[in-house]
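Content type compact mmCIF, C-alpha atoms, from the file query-v3.txt:
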```
# COMPACT_ATOMS: atom_id res chain seq x y z
CA MET A 161 19.94 14.37 -18.92
CA ALA A 162 19.87 11.77 -21.65
CA LYS A 163 16.62 11.19 -23.45
CA GLU A 164 16.38 7.64 -22.16
CA SER A 165 17.54 5.87 -19.05
CA SER A 166 20.27 3.26 -18.91
CA HIS A 167 17.90 0.98 -20.83
CA ALA A 168 18.76 2.24 -24.28
CA ALA A 169 16.13 0.23 -26.08
CA HIS A 170 12.79 -1.31 -25.26
CA ALA A 171 13.81 -4.95 -25.12
CA ALA A 172 11.20 -7.44 -26.19
CA GLY A 173 9.03 -8.39 -23.25
CA THR A 174 10.55 -5.80 -20.90
CA HIS A 175 7.96 -3.85 -18.97
CA ARG A 176 8.24 -0.16 -19.84
CA ILE A 177 7.75 2.44 -17.11
CA VAL A 178 7.40 6.07 -18.13
CA VAL A 179 7.37 9.00 -15.71
CA ILE A 180 5.72 12.26 -16.74
CA VAL A 181 7.56 15.25 -15.31
CA ASP A 182 5.69 18.54 -15.36
CA GLU A 183 6.34 22.04 -14.14
CA ASN A 184 6.99 22.25 -10.38
CA SER A 185 7.20 18.47 -9.96
CA ASN A 186 8.87 17.23 -6.78
CA PRO A 187 12.41 15.94 -7.37
CA PHE A 188 12.22 13.47 -4.47
CA GLU A 189 9.47 11.35 -6.01
CA LEU A 190 11.24 11.53 -9.36
CA GLY A 191 14.37 10.25 -7.60
CA CYS A 192 12.40 7.43 -5.97
CA ALA A 193 11.06 6.26 -9.33
CA THR A 194 14.51 6.44 -10.90
CA GLU A 195 16.21 4.56 -8.06
CA ILE A 196 13.65 1.75 -7.99
CA PHE A 197 12.74 1.33 -11.64
CA GLY A 198 15.50 3.01 -13.66
CA LEU A 199 18.82 1.60 -12.46
CA ARG A 200 20.69 -1.34 -13.90
CA ARG A 201 20.72 -4.37 -11.60
CA PRO A 202 24.06 -6.20 -11.97
CA GLU A 203 23.46 -7.82 -8.58
CA ILE A 204 20.35 -9.47 -10.06
CA GLY A 205 21.87 -10.20 -13.45
CA ARG A 206 19.20 -8.52 -15.56
CA ASP A 207 17.38 -5.25 -15.89
CA LEU A 208 13.89 -5.25 -14.41
CA TYR A 209 12.32 -2.46 -16.46
CA ASP A 210 12.73 -0.26 -19.48
CA PHE A 211 12.54 3.20 -17.89
CA ARG A 212 12.29 6.69 -19.27
CA LEU A 213 11.18 10.21 -18.46
CA CYS A 214 9.02 12.47 -20.58
CA SER A 215 7.70 15.99 -20.31
CA PRO A 216 5.13 18.14 -22.14
CA GLN A 217 7.78 20.80 -22.73
CA PRO A 218 11.51 20.88 -23.61
CA ARG A 219 12.50 22.61 -20.37
CA THR A 220 10.76 21.75 -17.09
CA LEU A 221 11.27 23.95 -14.03
CA MET A 222 11.28 21.65 -11.02
CA ARG A 223 9.83 22.47 -7.62
CA ASP A 224 10.48 26.02 -6.40
CA GLY A 225 12.92 26.55 -9.24
CA PHE A 226 15.65 24.39 -7.68
CA PHE A 227 16.75 23.25 -11.14
CA THR A 228 15.55 22.88 -14.70
CA LEU A 229 15.14 19.48 -16.32
CA THR A 230 16.05 19.31 -20.00
CA GLY A 231 16.80 16.68 -22.61
CA VAL A 232 14.01 14.22 -21.81
CA THR A 233 11.72 12.88 -24.47
CA ASP A 234 8.34 14.45 -25.25
CA LEU A 235 4.92 13.42 -24.01
CA GLU A 236 4.40 10.91 -26.82
CA ALA A 237 6.50 8.45 -24.80
CA ALA A 238 3.57 8.14 -22.39
CA ASP A 239 1.63 6.37 -25.13
CA GLU A 240 4.18 3.52 -25.09
CA ALA A 241 4.12 2.97 -21.31
CA ASP A 242 3.06 -0.30 -19.71
CA THR A 243 3.12 1.63 -16.43
CA LEU A 244 2.69 5.41 -16.36
CA ILE A 245 3.74 7.41 -13.30
CA VAL A 246 1.87 10.70 -13.31
CA PRO A 247 3.31 14.06 -12.21
CA ASN A 248 2.93 15.31 -8.67
CA ARG A 249 3.55 18.79 -7.30
CA PRO A 250 2.77 20.82 -4.18
CA ASP A 251 0.49 23.41 -5.83
CA ILE A 252 -2.55 21.16 -5.74
CA GLU A 253 -5.02 23.93 -6.60
CA VAL A 254 -3.38 24.63 -9.98
CA PRO A 255 -5.04 22.58 -12.74
CA ARG A 256 -2.87 20.07 -14.57
CA ARG A 257 -2.04 20.62 -18.23
CA PRO A 258 -4.77 19.30 -20.57
CA ALA A 259 -2.09 17.47 -22.59
CA VAL A 260 -0.94 15.62 -19.45
CA LEU A 261 -4.50 14.70 -18.46
CA ASP A 262 -5.20 13.47 -21.98
CA ALA A 263 -2.08 11.28 -21.85
CA VAL A 264 -3.26 9.79 -18.54
CA ARG A 265 -6.71 9.07 -19.97
CA ARG A 266 -5.27 7.42 -23.08
CA ALA A 267 -3.01 5.23 -20.97
CA HIS A 268 -5.91 4.17 -18.79
CA THR A 269 -8.14 3.43 -21.80
CA ARG A 270 -5.56 1.10 -23.36
CA GLY A 271 -5.01 -0.74 -20.07
CA ALA A 272 -1.72 0.67 -18.82
CA ARG A 273 -1.04 0.63 -15.08
CA LEU A 274 -1.16 4.08 -13.47
CA ILE A 275 0.81 5.22 -10.42
CA GLY A 276 0.49 8.45 -8.47
CA PHE A 277 3.01 9.44 -5.80
CA CYS A 278 1.79 11.89 -3.12
CA SER A 279 -0.14 14.68 -4.88
CA GLY A 280 -0.11 12.58 -8.04
CA ALA A 281 -3.50 11.37 -6.82
CA PHE A 282 -4.83 14.82 -7.76
CA THR A 283 -3.56 14.32 -11.32
CA LEU A 284 -5.30 10.95 -11.57
CA ALA A 285 -8.52 12.32 -10.09
CA GLU A 286 -8.46 15.37 -12.36
CA ALA A 287 -8.12 13.04 -15.34
CA GLY A 288 -11.29 11.28 -14.17
CA VAL A 289 -9.76 7.81 -13.88
CA LEU A 290 -10.27 7.55 -10.10
CA ASP A 291 -14.05 7.96 -10.08
CA GLY A 292 -15.48 5.16 -7.96
CA ARG A 293 -11.99 3.87 -7.18
CA ARG A 294 -9.86 3.61 -4.02
CA ALA A 295 -6.91 5.95 -3.57
CA THR A 296 -4.81 7.73 -0.98
CA ALA A 297 -3.05 11.07 -0.75
CA HIS A 298 -1.00 12.94 1.81
CA TRP A 299 -2.95 13.41 5.03
CA GLN A 300 -2.61 17.21 4.99
CA TRP A 301 -4.51 17.38 1.67
CA ALA A 302 -7.25 14.89 2.56
CA ASP A 303 -9.98 17.48 3.14
CA SER A 304 -9.15 19.34 -0.06
CA PHE A 305 -9.11 16.10 -2.04
CA ARG A 306 -12.49 14.98 -0.70
CA ALA A 307 -14.05 18.35 -1.44
CA ARG A 308 -12.83 18.37 -5.04
CA PHE A 309 -13.28 14.68 -5.85
CA PRO A 310 -16.18 13.29 -3.80
CA SER A 311 -16.62 10.27 -6.10
CA VAL A 312 -13.17 8.90 -5.17
CA HIS A 313 -12.97 6.57 -2.17
CA LEU A 314 -10.10 8.26 -0.33
CA GLU A 315 -8.21 6.28 2.31
CA PRO A 316 -6.16 9.00 4.03
CA ASP A 317 -4.62 6.95 6.85
CA VAL A 318 -2.61 4.43 4.83
CA LEU A 319 0.82 4.47 3.17
CA PHE A 320 -0.40 3.37 -0.23
CA VAL A 321 -3.37 1.84 -2.01
CA ASP A 322 -3.12 -0.89 -4.65
CA ASP A 323 -6.40 -0.85 -6.56
CA GLY A 324 -5.24 -3.18 -9.30
CA ASP A 325 -4.37 -1.07 -12.34
CA ILE A 326 -4.21 2.20 -10.37
CA LEU A 327 -1.87 2.62 -7.39
CA THR A 328 -1.36 5.68 -5.20
CA ALA A 329 1.13 6.52 -2.44
CA ALA A 330 0.39 8.91 0.40
CA GLY A 331 3.58 10.94 0.66
CA SER A 332 7.18 11.28 -0.38
CA ALA A 333 8.70 8.39 1.62
CA ALA A 334 5.65 6.23 0.86
CA ALA A 335 6.70 6.43 -2.80
CA LEU A 336 9.54 4.08 -1.89
CA ASP A 337 7.12 1.71 -0.17
CA LEU A 338 4.80 1.66 -3.16
CA GLY A 339 7.68 1.33 -5.61
CA LEU A 340 9.02 -1.73 -3.79
CA HIS A 341 5.49 -3.13 -3.62
CA VAL A 342 5.29 -2.84 -7.42
CA VAL A 343 8.64 -4.62 -7.82
CA ARG A 344 7.40 -7.35 -5.45
CA ARG A 345 4.17 -7.66 -7.43
CA ASP A 346 6.02 -7.83 -10.76
CA HIS A 347 9.10 -9.86 -9.83
CA GLY A 348 8.53 -11.49 -6.43
CA ALA A 349 9.73 -10.97 -2.88
CA GLU A 350 13.34 -12.07 -3.41
CA ILE A 351 14.07 -9.47 -6.08
CA ALA A 352 12.18 -6.79 -4.14
CA ASN A 353 14.41 -7.58 -1.16
CA SER A 354 17.48 -7.19 -3.36
CA VAL A 355 16.30 -3.79 -4.56
CA SER A 356 15.52 -2.69 -1.00
CA ARG A 357 18.96 -3.78 0.19
CA ARG A 358 20.58 -1.59 -2.45
CA LEU A 359 18.37 1.27 -1.25
CA VAL A 360 19.18 0.43 2.39
CA PHE A 361 15.43 0.65 2.97
CA SER A 362 12.84 -1.57 4.61
CA ALA A 363 11.90 -4.33 2.23
CA HIS A 364 8.23 -4.34 3.13
CA ARG A 365 5.96 -1.89 4.88
CA ASP A 366 2.39 -2.92 4.22
CA GLY A 367 0.23 -0.37 2.47
CA GLY A 368 -2.30 -0.51 5.28
CA GLN A 369 0.13 0.97 7.78
CA ARG A 370 -0.75 4.46 8.91
CA GLN A 371 0.80 7.65 7.68
CA PHE A 372 2.94 9.54 10.16
CA VAL A 373 0.64 12.39 11.12
CA GLU A 374 1.32 15.15 13.61
CA ARG A 375 0.76 14.00 17.19
CA PRO A 376 1.81 15.40 20.56
CA MET A 377 5.06 13.80 21.70
CA PRO A 378 4.61 11.46 24.68
CA ASP A 379 6.47 12.28 27.87
CA LEU A 380 8.25 8.92 27.71
CA PRO A 381 8.46 7.55 24.15
CA ASP A 382 8.10 3.81 23.69
CA GLU A 383 11.26 1.78 23.21
CA SER A 384 12.15 0.70 19.69
CA LEU A 385 10.61 -2.56 18.51
CA ALA A 386 13.64 -3.34 16.30
CA PRO A 387 15.29 -5.89 18.66
CA LEU A 388 11.99 -7.72 19.13
CA LEU A 389 11.29 -7.78 15.40
CA ALA A 390 14.76 -9.16 14.68
CA TRP A 391 14.28 -11.85 17.33
CA ALA A 392 10.91 -12.85 15.91
CA ARG A 393 12.18 -12.98 12.31
CA GLU A 394 14.72 -15.61 13.36
CA ARG A 395 11.91 -17.78 14.77
CA LEU A 396 9.14 -17.53 12.21
CA ASP A 397 8.92 -21.31 11.96
CA SER A 398 8.19 -21.54 15.69
CA PRO A 399 4.63 -21.39 17.07
CA LEU A 400 4.99 -17.76 18.15
CA ALA A 401 1.94 -16.02 19.55
CA VAL A 402 1.42 -12.41 20.56
CA SER A 403 1.87 -13.49 24.17
CA ASP A 404 5.35 -14.81 23.27
CA LEU A 405 6.29 -11.49 21.70
CA ALA A 406 4.99 -9.63 24.74
CA ALA A 407 6.94 -11.89 27.10
CA ARG A 408 10.12 -11.33 25.08
CA ALA A 409 9.59 -7.57 25.27
CA ALA A 410 8.74 -7.84 29.01
CA VAL A 411 5.45 -6.00 28.57
CA SER A 412 1.80 -6.96 28.63
CA PRO A 413 0.07 -7.92 25.36
CA ALA A 414 -1.98 -4.72 25.58
CA THR A 415 1.17 -2.59 25.89
CA LEU A 416 2.79 -4.46 23.00
CA HIS A 417 -0.29 -3.85 20.88
CA ARG A 418 -0.10 -0.11 21.60
CA ARG A 419 3.59 -0.03 20.69
CA PHE A 420 3.00 -1.81 17.39
CA GLN A 421 0.19 0.58 16.54
CA ALA A 422 2.29 3.62 17.44
CA GLN A 423 5.52 2.53 15.73
CA LEU A 424 4.35 0.34 12.84
CA GLY A 425 0.69 1.26 12.42
CA THR A 426 -0.37 -2.38 12.61
CA THR A 427 -1.02 -5.14 15.14
CA PRO A 428 1.54 -7.71 16.34
CA TRP A 429 -0.40 -10.59 14.79
CA THR A 430 -0.81 -8.83 11.43
CA TRP A 431 2.91 -8.04 11.36
CA LEU A 432 3.84 -11.63 12.25
CA THR A 433 1.54 -13.05 9.57
CA GLY A 434 2.97 -10.68 6.97
CA GLU A 435 6.54 -11.69 7.83
CA ARG A 436 5.63 -15.37 7.58
CA LEU A 437 3.96 -14.88 4.24
CA ALA A 438 7.00 -12.97 2.92
CA LEU A 439 9.24 -15.84 4.03
CA ALA A 440 6.92 -18.34 2.32
CA CYS A 441 7.19 -16.38 -0.92
CA ARG A 442 10.98 -16.36 -0.71
CA LEU A 443 11.07 -20.12 -0.10
CA ILE A 444 8.94 -20.74 -3.20
CA GLU A 445 11.12 -18.41 -5.27
CA ARG A 446 14.22 -20.32 -4.13
CA GLY A 447 12.78 -23.57 -5.42
CA GLU A 448 10.88 -25.24 -2.56
CA SER A 449 7.94 -26.85 -4.34
CA ARG A 450 6.47 -28.80 -1.43
CA PHE A 451 3.90 -26.42 -0.07
CA GLU A 452 3.49 -28.32 3.19
CA VAL A 453 7.21 -27.73 3.77
CA VAL A 454 6.87 -24.05 2.84
CA ALA A 455 3.99 -23.67 5.27
CA ARG A 456 5.84 -25.41 8.08
CA ARG A 457 9.15 -23.55 7.60
CA SER A 458 7.40 -20.18 7.42
CA GLY A 459 5.24 -20.81 10.46
CA LEU A 460 1.97 -20.82 8.53
CA GLY A 461 1.13 -24.33 9.63
CA THR A 462 -0.59 -26.07 6.76
CA ALA A 463 -0.65 -25.86 2.99
CA ALA A 464 -4.32 -24.96 3.19
CA ASN A 465 -3.54 -21.95 5.38
CA LEU A 466 -0.71 -20.99 3.02
CA ARG A 467 -3.06 -21.13 0.04
CA ALA A 468 -5.71 -19.05 1.79
CA LEU A 469 -3.27 -16.36 2.91
CA MET A 470 -1.47 -16.13 -0.42
CA ARG A 471 -4.71 -15.83 -2.33
CA ARG A 472 -5.92 -13.13 0.07
CA GLU A 473 -2.69 -11.11 0.11
CA THR A 474 -1.29 -11.60 -3.41
CA GLY A 475 -4.38 -12.58 -5.37
CA ILE A 476 -2.81 -15.82 -6.64
CA THR A 477 -2.29 -19.37 -5.38
CA PRO A 478 1.08 -20.80 -4.32
CA SER A 479 1.16 -22.83 -7.55
CA ALA A 480 0.59 -19.71 -9.65
CA TYR A 481 3.21 -17.86 -7.61
CA LYS A 482 5.69 -20.67 -8.26
CA ARG A 483 5.04 -20.55 -12.02
CA ARG A 484 5.48 -16.79 -12.06
CA PHE A 485 8.41 -16.30 -9.67
CA GLY A 486 10.02 -19.72 -9.15
CA PRO A 487 13.49 -20.59 -10.48
CA GLN A 488 12.08 -21.94 -13.73
CA ALA A 489 10.50 -18.55 -14.48
CA ASN A 490 13.87 -16.75 -14.69
```
Would you give me this structure, written as structure tokens?
Amino acid sequence: MAKESSHAAHAAGTHRIVVIVDENSNPFELGCATEIFGLRRPEIGRDLYDFRLCSPQPRTLMRDGFFTLTGVTDLEAADEADTLIVPNRPDIEVPRRPAVLDAVRRAHTRGARLIGFCSGAFTLAEAGVLDGRRATAHWQWADSFRARFPSVHLEPDVLFVDDGDILTAAGSAAALDLGLHVVRRDHGAEIANSVSRRLVFSAHRDGGQRQFVERPMPDLPDESLAPLLAWARERLDSPLAVSDLAARAAVSPATLHRRFQAQLGTTPWTWLTGERLALACRLIERGESRFEVVARRSGLGTAANLRALMRRETGITPSAYKRRFGPQAN
């Protein structure tokens, strides 16, 4: 593998993402990071990130010896990262290399963003950067994580946790969810949707959705919500209520609520609000500057409601979102 990704040089102003790969790392999460952050984006017209891999050793044996990774740059590249993705691996009881932990600490001290996929939360916690912070990890390791790192506020039932400058994903597939969340946070909903389309993956699963844990199979599994969700997405500007969704699905509101919890890990109203907010973001990115119009077309009602929801969910106002992700920002 070449020492750098397709981004041969660190272009001025381009956000650099560096992935540390260590012995026995999982190739799936490495693939997720590469697919989301490392590919050229001709469909967008510009590259989103400067991306590279690094390792503490010249030859890195990947999980269970499936293959050996060679030719990547050394660990010094981690000191140039704006975002550092830490190594994850299934042998959670084996301590991480001191050199890797030191690189994580240095990155945190200088203000770099840190990301841990799956068992990468153990790397972050072992480095001491998660003390007093929120994080998640795969549900099957929750008890072990709590026992080893009691000062970390573990949230074991969610897909991912965004705690500002430190983000963690629960499991392998959740790495895709978190990666797309990072793209959305950095570049807006429209570009995140473009990346998800290339992945043929859901553009947005909220981090608060539950992990898929082992449960007994029901005798009669619920029907898929996909047709109902598609129907609702075409009518976001209408005054839809949960009762309307239930009527469309020909079930009671209580049954609909149970199906949403079982299949999406959220409530009908929370899902509907999230879809409306995502539409509002896309409208702003496409150039609609009249926030009353954005609120009406996305079904959020008023500009005041739009401002309140955007501040709560994205941390910024519609005006700030427009400056950051509107047409004039590109």
Please produce, as a Markdown table, a per-residue contact table for stretch 231-297 of chain A versus stretch 320-336 of chain A (criterion: any atom at most 7 Å away, all atoms listed in the file considered), showing the nearest atom pair and its distance in Å to one decimal, sorted by chain then residue number.
```
| residue | atom | partner | partner_atom | distance |
| --- | --- | --- | --- | --- |
| A:Arg273 | CA | A:Asp325 | CA | 4.6 |
| A:Leu274 | CA | A:Ile326 | CA | 4.7 |
| A:Ile275 | CA | A:Leu327 | CA | 4.8 |
| A:Gly276 | CA | A:Thr328 | CA | 4.7 |
| A:Phe277 | CA | A:Ala329 | CA | 4.8 |
| A:Cys278 | CA | A:Gly331 | CA | 4.3 |
| A:Ala281 | CA | A:Thr328 | CA | 6.3 |
| A:Arg294 | CA | A:Asp323 | CA | 6.2 |
| A:Ala295 | CA | A:Val321 | CA | 5.6 |
| A:Thr296 | CA | A:Ala330 | CA | 5.5 |
| A:Ala297 | CA | A:Ala330 | CA | 4.2 |
```
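Each of A:Ser403, A:Gln421, A:Thr233, A:Ser412 was checked against A:Pro218 using all atoms listed in the file; the smallest atom-to-atom distance is that of A:Thr233.
Between atom CA of A:Ala440 and atom CA of A:Ala455 lies a distance of 6.8 Å.
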Got a sec: who's within 6 Å of A:Asn184, counting all atoms listed in the file, leaving out chain neighbours fewer than 3 positions off, as a PDB file with C-alpha atoms, in the frame of the given file?
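Result file follows (result-v2.pdb):
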```
ATOM      1  CA  LEU A 221      11.270  23.950 -14.030  1.00  0.00           C
ATOM      2  CA  MET A 222      11.280  21.650 -11.020  1.00  0.00           C
ATOM      3  CA  ARG A 223       9.830  22.470  -7.620  1.00  0.00           C
ATOM      4  CA  ARG A 249       3.550  18.790  -7.300  1.00  0.00           C
TER       5      ARG A 249
END
```
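With atom CA of A:Ala263 on one side and atom CA of A:Ala307 on the other, the separation reads 24.7 Å.
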As an mmCIF file with C-alpha atoms, in the frame of the given file, please: the residues near A:Pro487 (cut-off 9 Å, all atoms listed in the file, same-chain neighbours under 5 positions excluded).
```cif
data_model
loop_
_atom_site.group_PDB
_atom_site.id
_atom_site.type_symbol
_atom_site.label_atom_id
_atom_site.label_comp_id
_atom_site.auth_asym_id
_atom_site.auth_seq_id
_atom_site.Cartn_x
_atom_site.Cartn_y
_atom_site.Cartn_z
ATOM 1 C CA ILE A 444 8.940 -20.740 -3.200
ATOM 2 C CA GLU A 445 11.120 -18.410 -5.270
ATOM 3 C CA ARG A 446 14.220 -20.320 -4.130
ATOM 4 C CA GLY A 447 12.780 -23.570 -5.420
ATOM 5 C CA LYS A 482 5.690 -20.670 -8.260
#
```
What separation in Å, quoted to one decimal, exists between atom CA of A:Thr243 and atom CA of A:Pro255?
22.8 Å
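Considering the residues A:Gly205, A:Gly292, A:Gly434, A:Gly173 and counting only C-alpha atoms, A:Ala349 has its shortest atom-to-atom contact with A:Gly434.
With distances restricted to only C-alpha atoms, A:Thr283 is the closest residue to A:Asp262 from A:Asn186, A:Thr283, A:Ser449, A:Asn248.
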Which centre and edge lengths in Å to one decimal define the box along x, y and z that fits every listed atom of stretch 188-194 of chain A plus 8 Å per side, as AutoDock Vina command-line options?
```
--center_x 12.0 --center_y 9.9 --center_z -7.7 --size_x 21.0 --size_y 23.2 --size_z 22.4
```
So, with all atoms listed in the file as the atoms that count, which of A:Pro247, A:Gly425, A:Gly288, A:Pro187 lies closest to A:Ser215?
A:Pro247
Any idea what's packed within 8 Å of A:Arg176, counting only C-alpha atoms, ignoring anything in its chain fewer than 3 positions away? Could you give it as an mmCIF file with C-alpha atoms, in the frame of the given file?
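Output file result_7.cif is given in full below:
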```cif
data_model
loop_
_atom_site.group_PDB
_atom_site.id
_atom_site.type_symbol
_atom_site.label_atom_id
_atom_site.label_comp_id
_atom_site.auth_asym_id
_atom_site.auth_seq_id
_atom_site.Cartn_x
_atom_site.Cartn_y
_atom_site.Cartn_z
ATOM 1 C CA HIS A 170 12.790 -1.310 -25.260
ATOM 2 C CA TYR A 209 12.320 -2.460 -16.460
ATOM 3 C CA ASP A 210 12.730 -0.260 -19.480
ATOM 4 C CA PHE A 211 12.540 3.200 -17.890
ATOM 5 C CA ARG A 212 12.290 6.690 -19.270
ATOM 6 C CA GLU A 240 4.180 3.520 -25.090
ATOM 7 C CA ALA A 241 4.120 2.970 -21.310
ATOM 8 C CA ASP A 242 3.060 -0.300 -19.710
ATOM 9 C CA THR A 243 3.120 1.630 -16.430
#
```
Best match for closeness to A:Leu199 among A:Leu396, A:Val355, A:Ala409, A:Leu439, counting all atoms listed in the file:
A:Val355
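With all atoms listed in the file as the atoms that count, the residue of A:Glu394, A:Ala406, A:Arg419, A:Gly348 with the shortest distance to A:Ala480 is A:Gly348.
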